[in-house]
Amino acid sequence: MAVEVERKFLVRSADWRAQASPPQRLIQGYLPTAPGGGVTMRIRVAGETGFITLKGRPTGVSRSEFEYEIPLADALAMLSEFCAARRVEKLRYLVPASGGLCWEVDEYLGRNSGLFTAEIELPAPDCPFERPGWLGREVSGDVRFTNGALSRCPWCAWPEKPPTE
């Protein structure tokens with residue numbers, strides 16, 4: 001079974017940009033699931049490639065994840081037909097990290113404009129990693145910062161924005 005181990009943080013400065021790759025535009029849509037079902041179903045277009053992803057309920061910073069490439073035309077049709085009201089658009093930058101790891105810095109667009117997060121995927125939940133100075137407060141356990149939640153309640157609708165530190 002595929003397991004994703006991911007830590008997520010707010011970004012407090014733009015110092016990461018000097019090391020970042022050119023961005024890739026991501027469009028993600030979330031399909032409705034049964035309340036309390038614990039499954040997130042996502043359609044994603046990354047550049048010219050489509051994906052369908054199923055993610056399980058998080059346990060700490062880990063959860064099951066199954067992702068499969070699908071034809072771009074199918075992904076676009078599913079986004080349009082099934083996910084029009086629940087979409088997240090962002091630019092993703094890759095920033096090298098020590099130990100062969102990589103930060104994914106997301107600059108959110110549209111209704112989530114102004115939000116920047118950084119994620120790092122780890123081989124194990126207790127794997128050590130360096131925290132660069134541009135990294136802000138950890139939000140791994142805050143479900144409001146999941147992309148599925150941001151598709152339902154976007155950043156622009158939050159009455160108070162949490163501090164980055």
# chains A, B, ... in the order shown; residues from 1 in each chain; ligands from 1
>>> select_by_dssp(residues="region 59-126 of chain A", states="strand (DSSP E or B)", output="ChimeraX atom specification")
/A:59,62-70,87-96,102-108,116-121
>>> write_last_selection(atoms="C-alpha atoms", output="compact mmCIF listing (two decimals), in the first residue's frame")
# COMPACT_ATOMS: atom_id res chain seq x y z
CA THR A 59 -2.90 9.29 11.10
CA SER A 62 0.88 9.78 7.38
CA ARG A 63 -1.97 8.51 5.25
CA SER A 64 -2.57 6.10 2.41
CA GLU A 65 -2.35 7.58 -1.06
CA PHE A 66 -3.05 6.05 -4.46
CA GLU A 67 -2.36 8.19 -7.53
CA TYR A 68 -2.75 7.19 -11.16
CA GLU A 69 -2.10 9.01 -14.40
CA ILE A 70 -5.19 9.42 -16.58
CA ARG A 87 -11.32 23.59 -7.21
CA VAL A 88 -7.92 24.77 -6.06
CA GLU A 89 -5.43 26.38 -8.42
CA LYS A 90 -1.82 27.01 -7.53
CA LEU A 91 1.72 27.35 -8.74
CA ARG A 92 4.13 24.76 -7.37
CA TYR A 93 7.83 25.47 -6.99
CA LEU A 94 10.40 22.84 -6.04
CA VAL A 95 13.15 23.88 -3.63
CA PRO A 96 16.01 21.46 -2.89
CA CYS A 102 12.66 18.50 -1.67
CA TRP A 103 10.33 21.27 -0.53
CA GLU A 104 7.17 21.86 -2.57
CA VAL A 105 6.19 25.51 -2.17
CA ASP A 106 2.65 26.24 -3.28
CA GLU A 107 1.52 29.74 -4.23
CA TYR A 108 -2.26 29.59 -4.26
CA PHE A 116 1.74 30.15 0.55
CA THR A 117 2.51 26.73 2.01
CA ALA A 118 5.56 24.47 1.93
CA GLU A 119 5.40 20.69 2.15
CA ILE A 120 8.09 18.10 2.51
CA GLU A 121 7.54 14.39 1.89
>>> residues_around(residues="Arg86 (chain A)", least_positions_apart="2", cutoff="7 Å", atoms="only C-alpha atoms", output="NGL selection string")
:A and (29-30 or 83-84 or 151-152)
>>> write_last_selection(atoms="N, CA, C and O atoms", output="mmCIF file, in the first residue's frame")
data_model
loop_
_atom_site.group_PDB
_atom_site.id
_atom_site.type_symbol
_atom_site.label_atom_id
_atom_site.label_comp_id
_atom_site.auth_asym_id
_atom_site.auth_seq_id
_atom_site.Cartn_x
_atom_site.Cartn_y
_atom_site.Cartn_z
ATOM 1 N N GLY A 29 -9.346 19.406 -8.460
ATOM 2 C CA GLY A 29 -10.761 19.403 -8.119
ATOM 3 C C GLY A 29 -11.047 18.240 -7.194
ATOM 4 O O GLY A 29 -10.401 17.185 -7.283
ATOM 5 N N TYR A 30 -12.007 18.433 -6.309
ATOM 6 C CA TYR A 30 -12.316 17.441 -5.292
ATOM 7 C C TYR A 30 -13.736 16.938 -5.484
ATOM 8 O O TYR A 30 -14.676 17.728 -5.588
ATOM 9 N N CYS A 83 -16.244 18.733 -10.576
ATOM 10 C CA CYS A 83 -15.492 19.499 -9.575
ATOM 11 C C CYS A 83 -15.565 21.006 -9.768
ATOM 12 O O CYS A 83 -14.763 21.729 -9.170
ATOM 13 N N ALA A 84 -16.474 21.499 -10.574
ATOM 14 C CA ALA A 84 -16.489 22.927 -10.905
ATOM 15 C C ALA A 84 -16.544 23.818 -9.667
ATOM 16 O O ALA A 84 -15.886 24.853 -9.614
ATOM 17 N N SER A 151 -10.771 23.929 -0.944
ATOM 18 C CA SER A 151 -11.717 23.929 -2.065
ATOM 19 C C SER A 151 -13.130 24.229 -1.574
ATOM 20 O O SER A 151 -13.950 24.754 -2.324
ATOM 21 N N ARG A 152 -13.429 23.901 -0.317
ATOM 22 C CA ARG A 152 -14.758 24.156 0.255
ATOM 23 C C ARG A 152 -14.831 25.507 0.957
ATOM 24 O O ARG A 152 -15.855 26.184 0.903
#
>>> atom_distance(atom1="CA of Ser113 (chain A)", atom2="CA of Val11 (chain A)")
13.5 Å
>>> residues_around(residues="Asp142 (chain A)", least_positions_apart="6", cutoff="12 Å", atoms="only C-alpha atoms", output="VMD selection string")
chain A and resid 7 to 10 58 60 to 61 149 to 150 162
>>> write_last_selection(atoms="N, CA and C atoms", output="mmCIF file, in the first residue's frame")
data_model
loop_
_atom_site.group_PDB
_atom_site.id
_atom_site.type_symbol
_atom_site.label_atom_id
_atom_site.label_comp_id
_atom_site.auth_asym_id
_atom_site.auth_seq_id
_atom_site.Cartn_x
_atom_site.Cartn_y
_atom_site.Cartn_z
ATOM 1 N N ARG A 7 4.842 16.719 5.852
ATOM 2 C CA ARG A 7 4.741 17.805 6.834
ATOM 3 C C ARG A 7 4.466 19.084 6.059
ATOM 4 N N LYS A 8 3.568 19.915 6.575
ATOM 5 C CA LYS A 8 3.151 21.130 5.883
ATOM 6 C C LYS A 8 3.333 22.337 6.802
ATOM 7 N N PHE A 9 3.821 23.438 6.197
ATOM 8 C CA PHE A 9 4.134 24.655 6.935
ATOM 9 C C PHE A 9 3.622 25.870 6.171
ATOM 10 N N LEU A 10 3.369 26.938 6.895
ATOM 11 C CA LEU A 10 3.152 28.230 6.246
ATOM 12 C C LEU A 10 4.517 28.778 5.838
ATOM 13 N N PRO A 58 -5.919 10.843 7.565
ATOM 14 C CA PRO A 58 -4.573 10.980 8.150
ATOM 15 C C PRO A 58 -4.458 10.326 9.525
ATOM 16 N N GLY A 60 -1.661 11.061 12.180
ATOM 17 C CA GLY A 60 -0.487 11.905 12.394
ATOM 18 C C GLY A 60 -0.139 12.604 11.098
ATOM 19 N N VAL A 61 1.085 12.393 10.599
ATOM 20 C CA VAL A 61 1.516 13.019 9.341
ATOM 21 C C VAL A 61 1.535 12.010 8.194
ATOM 22 N N ALA A 149 -10.078 20.965 1.965
ATOM 23 C CA ALA A 149 -10.768 21.968 2.789
ATOM 24 C C ALA A 149 -10.730 23.338 2.128
ATOM 25 N N LEU A 150 -9.590 23.696 1.516
ATOM 26 C CA LEU A 150 -9.487 24.997 0.841
ATOM 27 C C LEU A 150 -10.406 25.069 -0.379
ATOM 28 N N PRO A 162 -4.318 33.008 10.227
ATOM 29 C CA PRO A 162 -3.370 32.690 11.297
ATOM 30 C C PRO A 162 -1.989 33.269 11.018
#
>>> atom_distance(atom1="CA of Leu26 (chain A)", atom2="CA of Arg131 (chain A)")
24.9 Å
>>> closest_residue(among="A:Phe129, A:Trp158, A:Trp134, A:Phe51", to="Gln28 (chain A)", atoms="only C-alpha atoms")
A:Phe51
>>> atom_distance(atom1="CA of Arg44 (chain A)", atom2="CA of Cys153 (chain A)")
18.7 Å
>>> select_by_dssp(residues="region 57-122 of chain A", states="alpha helix (DSSP H)", output="PyMOL selection string")
chain A and resi 72-82
>>> residues_around(residues="Asn112 (chain A)", least_positions_apart="5", cutoff="6 Å", atoms="only C-alpha atoms", output="PyMOL selection string")
chain A and resi 154-156
>>> write_last_selection(atoms="C-alpha atoms", output="short mmCIF file (atom, residue, chain, number, x, y, z; two decimals), in the first residue's frame")
data_model
loop_
_atom_site.label_atom_id
_atom_site.label_comp_id
_atom_site.auth_asym_id
_atom_site.auth_seq_id
_atom_site.Cartn_x
_atom_site.Cartn_y
_atom_site.Cartn_z
CA PRO A 154 -11.15 29.22 0.53
CA TRP A 155 -8.55 31.48 2.13
CA CYS A 156 -10.46 34.60 1.02
#
>>> residues_around(residues="Ala124 (chain A)", least_positions_apart="2", cutoff="10 Å", atoms="only C-alpha atoms", output="ChimeraX atom specification")
/A:3-6,61-62,121-122,126-128
>>> residues_around(residues="Glu130 (chain A)", least_positions_apart="2", cutoff="8 Å", atoms="only C-alpha atoms", output="ChimeraX atom specification")
/A:97-98,128,132
